[in-house]
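What follows is a set of notes on a single structure, which appears directly below.
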Amino acid sequence: MGVEIKENRVSDAEFEAMKSFVFEYLAASVEKEDEGGRMRWYPWHSAEYRHNHILNVVALAEEIAEQEGADVDVTRVAGLFHDVAKLETDQELHAEAGARVAREYLESRGEYPESFISQVCRAVEYHSYQGDLDDLALETQCLIEADLLDKVGANGIALMLLRMGYEARTHMDSEEMVDRVLERGLEAANRVESDAAESIAHQRLKRVRWFSDWLEDEIAAIGN
């Protein structure tokens, strides 16, 4: 009895073209904003940061999908488009808007099956879902878990410390900021469902706890 071999529906070249499109879309969204754009003074609301976040989520979502048996192509393409409309739309509307952008792209740039397009768009549309992840398709679950985990760990610490500078805080406030990363990480760990995501959350929380301990050990006024 032979083993079924599933060919990727999205080639590496097609995926690279999608990456370029998403970055160009984000950059155009910033350029169209009035008076400097909403919250543009925070660097993570720039096209560069948002694209980097998207690529982080793609990598995490692929890793989770591979281990959990989800459709990797659906998951990685949905990851690429999940925040494409983030810089031009209100937070509560960006997932639905992103799904529309993904559908327009996939219908006009290739011969992808409707079933594939629908799965991708459904994952993008529901990636901000706040309910039980078991209620969703596995690919959507993988995407949500990846999105939750990106701001946990070393990356989360770096973002919080960067935020301190923009808020004119001193390094004496760093314990509070690292504690926020830890709290966010614990919330993410409690929400994820898959074994793969739980393992990643555990590893990243361990890094935050290590950093917090080192910080307390090296800055005299912290912890006193």
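Quick note on naming: the chains in the structure tokens go A, B, ... in the order shown, residues restart at 1 in each chain, and ligands are numbered from 1 in order of appearance.
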Hey, what's within 12 Å of region 173-182 of chain A if we count only C-alpha atoms and toss same-chain stuff fewer than 5 positions away? As a VMD selection string, please?
-> chain A and resid 148 to 165 167 to 168 187 to 189 201 to 202 204 to 224
Tell me, as a list of chain:residue names, which residues lie within 7 Å of Cys142 (chain A), counting only C-alpha atoms; anything in the same chain fewer than 3 positions away does not count.
-> A:Ala61, A:Ile64, A:Ala65, A:Leu138, A:Glu139, A:Glu145, A:Ala146
File of the preceding selection, C-alpha atoms, as an mmCIF file, in the first residue's frame:
```
data_model
loop_
_atom_site.group_PDB
_atom_site.id
_atom_site.type_symbol
_atom_site.label_atom_id
_atom_site.label_comp_id
_atom_site.auth_asym_id
_atom_site.auth_seq_id
_atom_site.Cartn_x
_atom_site.Cartn_y
_atom_site.Cartn_z
ATOM 1 C CA ALA A 61 2.631 28.629 12.897
ATOM 2 C CA ILE A 64 3.113 24.092 15.251
ATOM 3 C CA ALA A 65 1.239 22.938 12.138
ATOM 4 C CA LEU A 138 -6.762 23.169 13.374
ATOM 5 C CA GLU A 139 -5.078 25.599 10.965
ATOM 6 C CA GLU A 145 -1.312 30.100 18.990
ATOM 7 C CA ALA A 146 1.591 31.465 16.942
#
```
Exercise: region 110-125 of chain A partners within 7 Å, only C-alpha atoms, chain neighbours under 3 positions left out, as a list of chain:residue names |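 The residues that qualify are A:Val74, A:Val77, A:Ala78, A:Phe81, A:His82, A:Ala95, A:Glu96, A:Gly98, A:Ala99, A:Ala102, A:Arg103, A:Leu106, A:Glu107, A:Glu139, A:Thr140.
When only C-alpha atoms are used to compute distances to Ser29 (chain A), the closest of the residues A:Asp12, A:Gly79, A:Tyr49, A:Lys86 turns out to be A:Lys86.
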Go ahead and compute the interatomic distance for CA of Glu68 (chain A) and CA of Val22 (chain A), in Å to one decimal.
-> 26.5 Å
Determine which residues of region 57-170 of chain A DSSP labels as alpha helix (DSSP H) from the backbone of this structure, then write them out as a PyMOL selection string.
-> chain A and resi 57-68+72-81+94-108+114-125+138-149+154-166
Could those residues be written to a file, using C-alpha atoms, as a compact mmCIF listing (two decimals), in the first residue's frame?
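Done, and the output landed in result.txt:
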```txt
# COMPACT_ATOMS: atom_id res chain seq x y z
CA VAL A 57 4.09 34.24 13.26
CA VAL A 58 4.53 32.36 9.98
CA ALA A 59 7.59 30.54 11.34
CA LEU A 60 5.87 29.66 14.62
CA ALA A 61 2.63 28.63 12.90
CA GLU A 62 4.53 26.37 10.48
CA GLU A 63 6.35 24.71 13.36
CA ILE A 64 3.11 24.09 15.25
CA ALA A 65 1.24 22.94 12.14
CA GLU A 66 3.94 20.43 11.20
CA GLN A 67 3.90 18.87 14.67
CA GLU A 68 0.12 18.86 15.00
CA VAL A 72 1.01 23.63 6.53
CA ASP A 73 0.29 25.52 3.31
CA VAL A 74 -3.02 26.84 4.61
CA THR A 75 -1.42 27.76 7.93
CA ARG A 76 1.62 29.58 6.55
CA VAL A 77 -0.34 31.54 3.94
CA ALA A 78 -2.92 32.53 6.54
CA GLY A 79 -0.07 33.59 8.83
CA LEU A 80 1.33 35.79 6.08
CA PHE A 81 -1.97 37.62 5.55
CA HIS A 94 -8.52 44.11 10.82
CA ALA A 95 -9.05 40.33 10.74
CA GLU A 96 -12.09 40.53 8.47
CA ALA A 97 -10.34 43.13 6.28
CA GLY A 98 -7.26 40.92 6.07
CA ALA A 99 -9.38 37.99 4.92
CA ARG A 100 -10.73 40.13 2.08
CA VAL A 101 -7.22 41.12 1.00
CA ALA A 102 -6.10 37.48 1.11
CA ARG A 103 -9.04 36.37 -1.03
CA GLU A 104 -8.47 39.11 -3.60
CA TYR A 105 -4.80 38.17 -3.85
CA LEU A 106 -5.27 34.41 -4.06
CA GLU A 107 -8.09 34.65 -6.60
CA SER A 108 -6.14 37.00 -8.88
CA GLU A 114 -11.51 27.45 -3.81
CA SER A 115 -11.29 25.04 -0.88
CA PHE A 116 -7.74 26.22 -0.18
CA ILE A 117 -8.66 29.91 -0.50
CA SER A 118 -11.64 29.46 1.82
CA GLN A 119 -9.53 27.73 4.48
CA VAL A 120 -6.90 30.47 4.35
CA CYS A 121 -9.45 33.26 4.54
CA ARG A 122 -11.35 31.58 7.37
CA ALA A 123 -8.14 31.30 9.40
CA VAL A 124 -7.30 34.98 8.79
CA GLU A 125 -10.84 36.11 9.64
CA LEU A 138 -6.76 23.17 13.37
CA GLU A 139 -5.08 25.60 10.96
CA THR A 140 -6.82 28.56 12.62
CA GLN A 141 -5.81 27.25 16.02
CA CYS A 142 -2.17 27.01 14.92
CA LEU A 143 -2.29 30.60 13.65
CA ILE A 144 -3.82 31.97 16.85
CA GLU A 145 -1.31 30.10 18.99
CA ALA A 146 1.59 31.47 16.94
CA ASP A 147 0.20 35.00 17.18
CA LEU A 148 -0.07 34.68 20.96
CA LEU A 149 3.44 33.30 21.35
CA ALA A 154 13.11 37.24 24.44
CA ASN A 155 11.23 39.02 21.67
CA GLY A 156 8.57 40.17 24.14
CA ILE A 157 11.24 41.49 26.50
CA ALA A 158 12.97 43.39 23.69
CA LEU A 159 9.70 45.02 22.65
CA MET A 160 8.83 46.04 26.20
CA LEU A 161 12.27 47.53 26.84
CA LEU A 162 12.04 49.40 23.54
CA ARG A 163 8.68 50.72 24.67
CA MET A 164 10.30 52.04 27.85
CA GLY A 165 12.48 54.37 25.82
CA TYR A 166 9.54 55.76 23.90
```
Using only C-alpha atoms, which of A:Ser46, A:Ser194, A:Gln130, A:Gln91 sits nearest Leu26 (chain A)?
-> A:Ser46
Nearest to Ala85 (chain A): which of A:Met172, A:Ile200, A:Ala27, A:Leu55 is it, counting only C-alpha atoms?
->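 Distance minimum relative to Ala85 (chain A) lands on A:Ala27.
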Between CA of Tyr129 (chain A) and CA of Glu193 (chain A) - distance in Å to one decimal =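 CA of Tyr129 (chain A) lies 13.9 Å from CA of Glu193 (chain A).
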